[in-house]
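Undergrad: run14.txt is reproduced below (compact mmCIF, C-alpha atoms and all ligand atoms).
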```
# COMPACT_ATOMS: atom_id res chain seq x y z
CA MET A 701 -108.26 -17.29 -19.76
CA ARG A 702 -112.03 -17.29 -19.29
CA ARG A 703 -113.36 -14.37 -21.37
CA PRO A 704 -116.45 -12.63 -19.99
CA ALA A 705 -119.12 -11.82 -22.61
CA VAL A 706 -121.47 -8.87 -22.25
CA MET A 707 -125.11 -8.97 -23.40
CA GLY A 708 -126.53 -5.45 -23.85
CA ILE A 709 -130.19 -4.84 -22.91
CA VAL A 710 -132.62 -2.95 -25.14
CA ASN A 711 -136.19 -3.14 -23.87
CA VAL A 712 -138.78 -1.90 -26.37
CA THR A 713 -141.35 -1.46 -23.61
CA PRO A 714 -143.05 1.45 -21.89
CA ASP A 715 -142.64 -0.06 -18.42
CA SER A 716 -139.35 -1.96 -17.93
CA PHE A 717 -137.97 -1.33 -14.47
CA SER A 718 -134.92 0.57 -15.64
CA ASP A 719 -134.97 1.46 -19.36
CA GLY A 720 -138.78 1.49 -19.79
CA GLY A 721 -139.85 4.04 -22.44
CA ALA A 722 -136.25 4.77 -23.49
CA HIS A 723 -136.32 2.74 -26.74
CA LEU A 724 -139.83 3.06 -28.16
CA ASP A 725 -138.73 4.53 -31.49
CA PRO A 726 -137.43 1.55 -33.54
CA GLU A 727 -134.78 3.59 -35.34
CA ALA A 728 -133.39 4.94 -32.05
CA ALA A 729 -133.61 1.48 -30.46
CA ALA A 730 -131.62 -0.02 -33.34
CA ALA A 731 -129.04 2.76 -33.02
CA ALA A 732 -128.74 2.03 -29.29
CA ALA A 733 -128.18 -1.67 -30.09
CA ARG A 734 -125.46 -0.85 -32.63
CA ALA A 735 -123.78 1.46 -30.12
CA MET A 736 -123.76 -1.39 -27.59
CA VAL A 737 -121.94 -3.65 -30.06
CA GLU A 738 -119.43 -0.88 -30.75
CA ALA A 739 -118.93 -0.59 -26.98
CA GLY A 740 -118.04 -4.29 -26.80
CA ALA A 741 -121.31 -6.19 -26.38
CA ALA A 742 -121.14 -9.73 -27.79
CA ILE A 743 -124.92 -9.74 -28.31
CA VAL A 744 -127.92 -7.45 -27.77
CA ASP A 745 -130.99 -8.75 -25.91
CA VAL A 746 -134.22 -7.29 -27.32
CA GLY A 747 -137.30 -7.48 -25.11
CA GLY A 748 -140.93 -6.49 -25.76
CA GLU A 749 -142.46 -7.47 -22.42
CA SER A 750 -141.47 -6.27 -18.97
CA THR A 751 -141.01 -8.99 -16.36
CA ARG A 752 -140.53 -6.59 -13.46
CA PRO A 753 -142.15 -7.67 -10.19
CA GLY A 754 -145.92 -7.11 -10.32
CA SER A 755 -146.17 -6.82 -14.11
CA GLU A 756 -149.14 -8.40 -15.90
CA GLY A 757 -147.58 -9.34 -19.24
CA VAL A 758 -148.72 -8.53 -22.78
CA THR A 759 -150.16 -10.55 -25.68
CA ALA A 760 -147.95 -12.06 -28.39
CA ASP A 761 -149.42 -9.57 -30.90
CA GLU A 762 -148.43 -6.62 -28.72
CA GLU A 763 -144.96 -8.05 -28.10
CA LEU A 764 -144.46 -8.55 -31.85
CA ARG A 765 -145.75 -5.04 -32.58
CA ARG A 766 -143.03 -3.70 -30.27
CA VAL A 767 -140.02 -5.80 -31.30
CA VAL A 768 -140.44 -6.55 -35.03
CA PRO A 769 -139.79 -2.98 -36.32
CA MET A 770 -136.56 -2.92 -34.31
CA LEU A 771 -135.46 -6.43 -35.32
CA GLU A 772 -135.99 -5.49 -38.98
CA ARG A 773 -133.41 -2.73 -38.52
CA LEU A 774 -130.74 -4.90 -36.85
CA GLU A 775 -129.05 -6.58 -39.80
CA GLY A 776 -125.51 -7.53 -38.88
CA VAL A 777 -126.09 -7.12 -35.13
CA PRO A 778 -125.96 -10.32 -33.02
CA VAL A 779 -129.41 -10.46 -31.42
CA SER A 780 -131.01 -12.34 -28.57
CA ILE A 781 -134.79 -12.21 -28.17
CA ASP A 782 -136.01 -11.94 -24.58
CA THR A 783 -139.35 -13.72 -24.77
CA ALA A 784 -141.29 -16.52 -23.11
CA LYS A 785 -143.56 -16.98 -26.15
CA ALA A 786 -142.67 -19.46 -28.90
CA GLU A 787 -144.62 -17.39 -31.44
CA VAL A 788 -142.49 -14.30 -30.73
CA ALA A 789 -139.29 -16.38 -30.69
CA ARG A 790 -140.15 -17.93 -34.09
CA ARG A 791 -140.63 -14.54 -35.72
CA ALA A 792 -137.49 -13.10 -34.14
CA LEU A 793 -135.41 -16.10 -35.23
CA ALA A 794 -136.76 -15.69 -38.79
CA LEU A 795 -135.61 -12.07 -38.61
CA GLY A 796 -132.08 -13.12 -37.64
CA ALA A 797 -132.01 -13.52 -33.86
CA GLU A 798 -129.48 -16.16 -32.79
CA LEU A 799 -130.45 -16.79 -29.18
CA VAL A 800 -133.76 -17.09 -27.31
CA ASN A 801 -133.61 -15.75 -23.76
CA ASP A 802 -136.53 -17.50 -22.08
CA VAL A 803 -137.16 -16.32 -18.51
CA THR A 804 -139.66 -19.17 -18.06
CA ALA A 805 -137.15 -21.87 -19.17
CA LEU A 806 -139.48 -23.61 -21.67
CA GLY A 807 -142.74 -22.62 -19.95
CA ASP A 808 -144.31 -22.45 -23.44
CA PRO A 809 -144.59 -26.10 -24.60
CA ALA A 810 -143.74 -25.06 -28.19
CA MET A 811 -140.53 -23.21 -27.26
CA ALA A 812 -138.01 -26.10 -27.29
CA GLU A 813 -139.10 -27.27 -30.73
CA THR A 814 -138.99 -23.70 -32.06
CA VAL A 815 -135.40 -23.21 -30.87
CA ALA A 816 -134.33 -26.69 -32.04
CA GLU A 817 -135.78 -26.21 -35.54
CA ALA A 818 -133.97 -22.89 -35.96
CA GLY A 819 -130.65 -24.32 -34.69
CA ALA A 820 -130.60 -21.38 -32.28
CA TYR A 821 -129.02 -20.83 -28.87
CA LEU A 822 -131.10 -20.80 -25.69
CA CYS A 823 -130.82 -19.23 -22.26
CA LEU A 824 -132.78 -21.09 -19.58
CA MET A 825 -133.57 -18.87 -16.57
CA HIS A 826 -135.00 -19.84 -13.19
CA MET A 827 -138.09 -18.01 -11.98
CA ARG A 828 -140.24 -18.90 -8.96
CA GLY A 829 -143.90 -18.31 -9.91
CA GLU A 830 -144.75 -15.51 -12.34
CA PRO A 831 -143.80 -11.79 -12.41
CA ARG A 832 -147.20 -10.70 -11.01
CA THR A 833 -146.70 -12.59 -7.75
CA MET A 834 -143.08 -13.77 -7.61
CA GLN A 835 -141.88 -11.36 -4.93
CA LEU A 836 -144.60 -12.27 -2.41
CA ASP A 837 -142.56 -13.98 0.31
CA PRO A 838 -140.37 -16.34 -1.74
CA ARG A 839 -139.03 -19.26 0.38
CA TYR A 840 -136.45 -21.94 -0.29
CA ASP A 841 -134.78 -24.55 1.91
CA ASP A 842 -131.63 -24.37 -0.23
CA VAL A 843 -131.90 -21.70 -2.91
CA ALA A 844 -128.78 -22.70 -4.89
CA GLY A 845 -129.59 -26.41 -4.82
CA GLU A 846 -133.23 -25.86 -5.83
CA VAL A 847 -132.35 -23.47 -8.67
CA ALA A 848 -129.67 -25.89 -9.95
CA ALA A 849 -132.07 -28.86 -9.85
CA PHE A 850 -134.68 -26.87 -11.80
CA LEU A 851 -132.17 -25.76 -14.45
CA GLU A 852 -130.73 -29.26 -14.77
CA GLU A 853 -134.21 -30.65 -15.46
CA ARG A 854 -134.95 -27.93 -18.05
CA LEU A 855 -131.57 -28.49 -19.71
CA GLU A 856 -132.45 -32.20 -20.06
CA ARG A 857 -135.80 -31.22 -21.55
CA ALA A 858 -134.11 -28.90 -24.07
CA VAL A 859 -131.61 -31.57 -25.12
CA ALA A 860 -134.40 -34.17 -25.43
CA ALA A 861 -136.18 -31.78 -27.83
CA GLY A 862 -133.11 -31.67 -30.08
CA ILE A 863 -131.28 -28.56 -28.87
CA PRO A 864 -127.55 -29.33 -28.65
CA GLU A 865 -126.31 -29.01 -25.07
CA GLU A 866 -123.53 -26.69 -26.33
CA HIS A 867 -126.26 -24.24 -27.42
CA VAL A 868 -127.64 -23.73 -23.90
CA CYS A 869 -126.62 -21.35 -21.13
CA LEU A 870 -128.13 -21.23 -17.64
CA ASP A 871 -129.23 -18.29 -15.51
CA PRO A 872 -130.17 -18.27 -11.79
CA GLY A 873 -132.74 -15.50 -12.43
CA ILE A 874 -131.62 -12.76 -10.09
CA GLY A 875 -134.72 -11.02 -8.70
CA PHE A 876 -137.21 -13.52 -10.09
CA GLY A 877 -138.95 -14.83 -6.97
CA LYS A 878 -136.00 -14.22 -4.64
CA THR A 879 -135.21 -11.89 -1.76
CA PRO A 880 -132.00 -9.82 -1.87
CA ALA A 881 -130.38 -12.32 0.53
CA GLN A 882 -131.38 -15.23 -1.72
CA ASN A 883 -130.03 -13.39 -4.79
CA PHE A 884 -126.69 -12.82 -3.09
CA GLU A 885 -126.52 -16.42 -1.90
CA LEU A 886 -127.05 -17.57 -5.49
CA VAL A 887 -124.05 -15.52 -6.61
CA ARG A 888 -121.97 -16.62 -3.62
CA ARG A 889 -122.72 -20.29 -4.46
CA LEU A 890 -122.56 -19.98 -8.24
CA ASP A 891 -120.29 -23.06 -8.31
CA VAL A 892 -123.45 -25.15 -7.79
CA LEU A 893 -124.66 -23.88 -11.19
CA THR A 894 -121.32 -23.94 -13.04
CA ALA A 895 -121.09 -27.62 -11.96
CA LEU A 896 -123.89 -28.32 -14.48
CA GLY A 897 -121.28 -27.79 -17.18
CA ARG A 898 -122.92 -24.97 -19.13
CA PRO A 899 -121.97 -21.26 -19.27
CA VAL A 900 -123.75 -19.25 -16.59
CA LEU A 901 -125.41 -15.94 -17.48
CA VAL A 902 -126.28 -13.44 -14.75
CA GLY A 903 -128.52 -10.39 -14.84
CA LEU A 904 -127.58 -8.21 -11.90
CA SER A 905 -127.56 -4.90 -13.76
CA ARG A 906 -129.38 -2.14 -11.86
CA LYS A 907 -131.49 -4.73 -9.99
CA SER A 908 -133.26 -3.50 -6.87
CA SER A 909 -131.41 -5.94 -4.58
CA LEU A 910 -128.30 -3.81 -5.21
CA GLY A 911 -130.16 -0.56 -4.49
CA LYS A 912 -131.58 -2.05 -1.28
CA LEU A 913 -128.05 -2.35 0.10
CA PHE A 914 -128.26 1.42 0.59
CA ASP A 915 -131.99 2.22 0.70
CA PRO A 916 -134.68 -0.32 1.67
CA GLU A 917 -137.19 1.42 -0.63
CA ALA A 918 -134.90 1.42 -3.71
CA ARG A 919 -136.41 0.10 -6.95
CA THR A 920 -133.15 0.11 -8.93
CA GLY A 921 -129.46 -0.35 -8.21
CA THR A 922 -126.68 2.02 -9.16
CA LEU A 923 -124.14 1.52 -11.93
CA ALA A 924 -121.29 1.22 -9.44
CA ALA A 925 -123.11 -1.48 -7.47
CA SER A 926 -123.92 -3.30 -10.73
CA LEU A 927 -120.23 -3.32 -11.70
CA GLY A 928 -119.17 -4.63 -8.28
CA ALA A 929 -121.79 -7.37 -8.45
CA ALA A 930 -120.78 -8.36 -12.01
CA VAL A 931 -117.12 -8.68 -11.02
CA ALA A 932 -118.09 -10.77 -7.97
CA ALA A 933 -120.18 -13.05 -10.21
CA PHE A 934 -117.35 -13.31 -12.73
CA GLU A 935 -114.95 -14.39 -10.00
CA ARG A 936 -117.42 -17.10 -9.00
CA GLY A 937 -117.69 -18.49 -12.52
CA ALA A 938 -120.30 -16.49 -14.45
CA SER A 939 -119.29 -15.88 -18.06
CA ILE A 940 -122.17 -13.92 -19.66
CA PHE A 941 -123.42 -10.64 -18.17
CA ARG A 942 -126.79 -9.12 -19.12
CA VAL A 943 -126.33 -5.38 -18.61
CA HIS A 944 -127.73 -1.94 -19.39
CA ASP A 945 -124.37 -0.09 -19.29
CA VAL A 946 -122.24 -1.97 -21.79
CA ARG A 947 -118.96 -0.05 -21.98
CA GLU A 948 -118.58 0.18 -18.20
CA HIS A 949 -119.16 -3.57 -17.78
CA VAL A 950 -116.82 -4.45 -20.65
CA GLU A 951 -114.07 -2.41 -19.00
CA ALA A 952 -114.71 -3.66 -15.44
CA LEU A 953 -114.84 -7.29 -16.56
CA ALA A 954 -111.76 -6.93 -18.77
CA ALA A 955 -109.86 -5.65 -15.73
CA ALA A 956 -111.19 -8.48 -13.56
CA GLY A 957 -110.35 -10.99 -16.32
CA ALA A 958 -106.81 -9.68 -16.71
CA MET A 959 -106.18 -10.28 -13.03
CA CYS A 960 -107.59 -13.82 -13.19
CA ALA A 961 -105.46 -14.71 -16.23
CA SER A 962 -102.84 -17.37 -15.78
CA SER A 963 -99.52 -16.54 -17.43
N1 LIG A 1001 -133.78 -9.90 -16.09
C1 LIG A 1001 -134.74 -9.19 -16.69
C2 LIG A 1001 -135.26 -9.55 -17.93
N2 LIG A 1001 -134.77 -10.61 -18.59
N3 LIG A 1001 -133.26 -12.43 -18.71
C3 LIG A 1001 -132.29 -13.16 -18.14
N4 LIG A 1001 -131.79 -14.22 -18.80
N5 LIG A 1001 -131.78 -12.85 -16.91
C4 LIG A 1001 -132.23 -11.79 -16.18
O1 LIG A 1001 -131.74 -11.58 -15.05
C5 LIG A 1001 -133.26 -10.98 -16.75
C6 LIG A 1001 -133.77 -11.35 -18.03
C7 LIG A 1001 -135.28 -7.98 -15.98
O2 LIG A 1001 -134.57 -6.86 -16.35
P1 LIG A 1001 -135.00 -5.81 -17.49
O3 LIG A 1001 -135.10 -6.45 -18.83
O4 LIG A 1001 -134.04 -4.68 -17.44
O5 LIG A 1001 -136.40 -5.28 -17.01
P2 LIG A 1001 -137.90 -5.65 -17.40
O6 LIG A 1001 -138.13 -7.09 -17.14
O7 LIG A 1001 -138.71 -4.75 -16.49
O8 LIG A 1001 -138.09 -5.32 -18.86
```
Could you take the file, read its structure, and then write that structure out as structure tokens?
TA:
Amino acid sequence: MRRPAVMGIVNVTPDSFSDGGAHLDPEAAAAAARAMVEAGAAIVDVGGESTRPGSEGVTADEELRRVVPMLERLEGVPVSIDTAKAEVARRALALGAELVNDVTALGDPAMAETVAEAGAYLCLMHMRGEPRTMQLDPRYDDVAGEVAAFLEERLERAVAAGIPEEHVCLDPGIGFGKTPAQNFELVRRLDVLTALGRPVLVGLSRKSSLGKLFDPEARTGTLAASLGAAVAAFERGASIFRVHDVREHVEALAAAGAMCASS
């Protein structure tokens, strides 16, 4: 039986699209992370820079100022660091993080070496362009094929830098330079990504594509829509789910998993 794993999201940022400002106190952020593990999260993804459409990004110093006080309070909690900067990844790994969630898939030339040296895990995510401009009329001839080709090339790069292939998972990057229709096509054709032989992580939680099913102006999706999307992705082969609402996803995916189980 394929067991779905849930990655809980804790953004230590003032401006993340959904939980921005909710976790600025490091003690409260650490408590939220521990509660996610108690609710069934396999790992907690800590982020200090919003990548929402239109965002400008922050310096490494500012990112470290946000995440380090929280990471120092997370002993015993499995942690992933959501960063595109090797400098931030290095510090987080030294503080016990086990996985680097890189939304630029090795955009920083020092990232692969940093992950390899630490013997850490790595999530490679596809993004078209950069957050500031990525939603300005994204076009693809074949979105699933192009995303898969990009991730395959970055996976080869990671392995060439000394990261064991078994340490890498792949993510189509829902909402990162894609229209709602392109996001849904990526989930519908997830087999093109699972064919690369690595676990596929998806981040559909509360994303605006889900909200836009009901309201064209929506900036976030509802919990119910997030659960439906996660189950659909699970049925198409995704195995790791990056979510804000951990307990609800653990329960929904356990139910979906029980019905997929072979006896
Ligand atoms: N989505 C976001 C951030 N990091 N990482 C992966 N691997 N996959 C995703 O889909 C993904 C991600 C955006 O969501 P969030 O962290 O909630 O918001 P923000 O970027 O505004 O902080």
Undergrad: Can you work out the spacing between atom P1 of ligand LIG 1001 (chain A) and atom CA of Ser780 of chain A in Å, to one decimal?
TA: 13.5 Å
Undergrad: Listing only residues of chain A within 9 Å of ligand LIG 1001 (chain A), what is the closest atom pair and its distance in Å (to one decimal) for each, using only C-alpha atoms and all ligand atoms, sorted by chain and residue number ascending, as CSV?
TA:
```
residue,atom,partner,partner_atom,distance
A:Ile709,CA,A:LIG1001,O3,6.6
A:Val710,CA,A:LIG1001,O3,7.6
A:Asn711,CA,A:LIG1001,O8,5.8
A:Val712,CA,A:LIG1001,O8,8.3
A:Thr713,CA,A:LIG1001,O8,6.9
A:Pro714,CA,A:LIG1001,O8,8.9
A:Asp715,CA,A:LIG1001,O7,6.4
A:Ser716,CA,A:LIG1001,O7,3.2
A:Phe717,CA,A:LIG1001,O7,4.0
A:Ser718,CA,A:LIG1001,O4,5.6
A:Asp719,CA,A:LIG1001,O4,6.5
A:Gly720,CA,A:LIG1001,O8,6.9
A:Asp745,CA,A:LIG1001,N3,8.4
A:Val746,CA,A:LIG1001,O3,8.6
A:Gly747,CA,A:LIG1001,O8,6.7
A:Gly748,CA,A:LIG1001,O8,7.6
A:Glu749,CA,A:LIG1001,O8,6.0
A:Ser750,CA,A:LIG1001,O8,3.5
A:Thr751,CA,A:LIG1001,O6,3.5
A:Arg752,CA,A:LIG1001,O7,4.0
A:Pro753,CA,A:LIG1001,O7,7.7
A:Ser755,CA,A:LIG1001,O7,8.1
A:Asp782,CA,A:LIG1001,N2,6.3
A:Thr783,CA,A:LIG1001,N2,8.3
A:Asn801,CA,A:LIG1001,N4,5.5
A:Asp802,CA,A:LIG1001,N4,6.6
A:Val803,CA,A:LIG1001,N3,5.5
A:Cys823,CA,A:LIG1001,N4,6.2
A:Leu824,CA,A:LIG1001,N4,7.0
A:Met825,CA,A:LIG1001,N4,5.5
A:His826,CA,A:LIG1001,N5,8.5
A:Pro831,CA,A:LIG1001,O6,8.8
A:Leu870,CA,A:LIG1001,N4,8.0
A:Asp871,CA,A:LIG1001,N4,5.8
A:Pro872,CA,A:LIG1001,O1,7.6
A:Gly873,CA,A:LIG1001,O1,4.8
A:Ile874,CA,A:LIG1001,O1,5.1
A:Gly875,CA,A:LIG1001,O1,7.0
A:Phe876,CA,A:LIG1001,O1,7.6
A:Leu901,CA,A:LIG1001,N4,6.7
A:Val902,CA,A:LIG1001,O1,5.8
A:Gly903,CA,A:LIG1001,O1,3.4
A:Leu904,CA,A:LIG1001,O1,6.2
A:Ser905,CA,A:LIG1001,O4,7.5
A:Arg906,CA,A:LIG1001,O4,7.7
A:Lys907,CA,A:LIG1001,O2,7.4
A:Phe941,CA,A:LIG1001,N5,8.7
A:Arg942,CA,A:LIG1001,N5,6.6
A:Val943,CA,A:LIG1001,O4,7.8
A:His944,CA,A:LIG1001,O4,7.2
```
Undergrad: Using all atoms listed in the file, which of the listed residues (A:Leu855, A:Ala797, A:Ala929, A:Val788) sits closest to Leu771 of chain A?
TA: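 Checking each of A:Leu855, A:Ala797, A:Ala929, A:Val788 against Leu771 of chain A, counting all atoms listed in the file, the winner is A:Ala797.
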Undergrad: Which is closer to Thr833 of chain A than all the others in A:Met736, A:Ala816, A:Gly877, A:Glu948, using only C-alpha atoms?
TA: A:Gly877
Undergrad: Between atom CA of Ala955 of chain A and atom CA of Gly740 of chain A, what is the spacing in Å?
TA: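 Distance reported for this atom pair: 13.8 Å.
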Undergrad: Pull the neighbourhood of (-131.0, -2.8, -8.1) for me: all residues within 9 Å in file coordinates, counting all atoms listed in the file, as a ChimeraX atom specification.
TA: /A:904-913,918-923,925-926
Undergrad: So which residues touch Glu787 of chain A within 10 Å, counting only C-alpha atoms, skipping near sequence neighbours fewer than 4 positions away, as a list in words?
TA: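 Neighbouring residues, sequence-local ones excluded: Ala760, Asp761, Glu763, Leu764, Thr783, Arg791, Ala792, Asp808, Ala810, Met811 and Thr814 of chain A.
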Undergrad: Counting only C-alpha atoms, figure out which residue out of A:Glu866, A:Asp837, A:Glu738, A:Glu935 gets nearest to Arg888 of chain A.
TA: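 Of A:Glu866, A:Asp837, A:Glu738, A:Glu935, the one nearest Arg888 of chain A is A:Glu935, counting only C-alpha atoms.
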Undergrad: Find, counting only C-alpha atoms, the residue in A:Gly819, A:Gly807, A:Gly957, A:Pro769 that gets nearest to Ala728 of chain A.
TA: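 Among A:Gly819, A:Gly807, A:Gly957, A:Pro769, it is A:Pro769 that comes nearest to Ala728 of chain A.
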Undergrad: So what do you get for atom CA of Gly862 of chain A versus atom CA of Ser939 of chain A, distance-wise?
TA: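 The value is 24.2 Å.
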Undergrad: Would you mind telling me which residue in A:Val868, A:Val946, A:Leu822, A:Arg766 lies nearest to Arg734 of chain A when using only C-alpha atoms?
TA: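 Smallest separation from Arg734 of chain A among the options: A:Val946.
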Undergrad: Between A:Arg889, A:Ala730, A:Ala895, A:Ala952, single out the one closest to Arg936 of chain A, counting all atoms listed in the file.
TA: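 Answer, going by the shortest atom-to-atom distance: A:Arg889.
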Undergrad: Take segment 798-828 of chain A, bring it up to N, CA and C atoms, and give me the output as a compact mmCIF listing (two decimals), in the frame of the given file.
TA:
```
# COMPACT_ATOMS: atom_id res chain seq x y z
N GLU A 798 -130.29 -14.93 -32.89
CA GLU A 798 -129.48 -16.16 -32.79
C GLU A 798 -129.75 -16.90 -31.49
N LEU A 799 -130.28 -16.20 -30.51
CA LEU A 799 -130.45 -16.79 -29.18
C LEU A 799 -131.84 -16.45 -28.65
N VAL A 800 -132.49 -17.38 -27.98
CA VAL A 800 -133.76 -17.09 -27.31
C VAL A 800 -133.48 -17.06 -25.82
N ASN A 801 -133.79 -15.93 -25.20
CA ASN A 801 -133.61 -15.75 -23.76
C ASN A 801 -134.98 -15.94 -23.12
N ASP A 802 -135.19 -17.12 -22.56
CA ASP A 802 -136.53 -17.50 -22.08
C ASP A 802 -136.54 -17.49 -20.55
N VAL A 803 -137.15 -16.45 -19.98
CA VAL A 803 -137.16 -16.32 -18.51
C VAL A 803 -138.07 -17.34 -17.84
N THR A 804 -138.83 -18.10 -18.64
CA THR A 804 -139.66 -19.17 -18.06
C THR A 804 -139.04 -20.55 -18.31
N ALA A 805 -137.86 -20.60 -18.93
CA ALA A 805 -137.15 -21.87 -19.17
C ALA A 805 -138.09 -22.94 -19.75
N LEU A 806 -138.62 -22.66 -20.93
CA LEU A 806 -139.48 -23.61 -21.67
C LEU A 806 -140.88 -23.72 -21.05
N GLY A 807 -141.37 -22.64 -20.46
CA GLY A 807 -142.74 -22.62 -19.95
C GLY A 807 -143.75 -22.81 -21.07
N ASP A 808 -143.46 -22.25 -22.27
CA ASP A 808 -144.31 -22.45 -23.44
C ASP A 808 -143.95 -23.80 -24.05
N PRO A 809 -144.92 -24.75 -24.13
CA PRO A 809 -144.59 -26.10 -24.60
C PRO A 809 -144.01 -26.12 -26.02
N ALA A 810 -144.25 -25.06 -26.81
CA ALA A 810 -143.74 -25.06 -28.19
C ALA A 810 -142.35 -24.44 -28.30
N MET A 811 -141.80 -23.96 -27.18
CA MET A 811 -140.53 -23.21 -27.26
C MET A 811 -139.34 -24.09 -27.67
N ALA A 812 -139.21 -25.27 -27.03
CA ALA A 812 -138.01 -26.10 -27.29
C ALA A 812 -137.94 -26.47 -28.77
N GLU A 813 -139.07 -26.87 -29.33
CA GLU A 813 -139.10 -27.27 -30.73
C GLU A 813 -138.76 -26.08 -31.63
N THR A 814 -139.26 -24.90 -31.27
CA THR A 814 -138.99 -23.70 -32.06
C THR A 814 -137.50 -23.40 -32.10
N VAL A 815 -136.84 -23.50 -30.95
CA VAL A 815 -135.40 -23.21 -30.87
C VAL A 815 -134.62 -24.30 -31.61
N ALA A 816 -135.03 -25.57 -31.40
CA ALA A 816 -134.33 -26.69 -32.04
C ALA A 816 -134.40 -26.56 -33.56
N GLU A 817 -135.59 -26.29 -34.08
CA GLU A 817 -135.78 -26.21 -35.54
C GLU A 817 -134.92 -25.12 -36.16
N ALA A 818 -134.74 -24.02 -35.43
CA ALA A 818 -133.97 -22.89 -35.96
C ALA A 818 -132.46 -23.08 -35.75
N GLY A 819 -132.07 -24.12 -34.99
CA GLY A 819 -130.65 -24.32 -34.69
C GLY A 819 -130.10 -23.17 -33.85
N ALA A 820 -130.98 -22.58 -33.04
CA ALA A 820 -130.60 -21.38 -32.28
C ALA A 820 -130.01 -21.73 -30.91
N TYR A 821 -129.50 -20.70 -30.25
CA TYR A 821 -129.02 -20.83 -28.87
C TYR A 821 -130.17 -20.52 -27.92
N LEU A 822 -130.01 -20.96 -26.66
CA LEU A 822 -131.10 -20.80 -25.69
C LEU A 822 -130.53 -20.47 -24.32
N CYS A 823 -131.13 -19.48 -23.67
CA CYS A 823 -130.82 -19.23 -22.26
C CYS A 823 -132.01 -19.70 -21.43
N LEU A 824 -131.74 -20.59 -20.48
CA LEU A 824 -132.78 -21.09 -19.58
C LEU A 824 -132.62 -20.37 -18.25
N MET A 825 -133.65 -19.62 -17.82
CA MET A 825 -133.57 -18.87 -16.57
C MET A 825 -134.54 -19.43 -15.54
N HIS A 826 -134.11 -19.41 -14.28
CA HIS A 826 -135.00 -19.84 -13.19
C HIS A 826 -135.88 -18.69 -12.72
N MET A 827 -137.17 -18.98 -12.61
CA MET A 827 -138.09 -18.01 -11.98
C MET A 827 -139.01 -18.80 -11.05
N ARG A 828 -139.28 -18.27 -9.88
CA ARG A 828 -140.24 -18.90 -8.96
C ARG A 828 -141.58 -18.19 -9.17
```
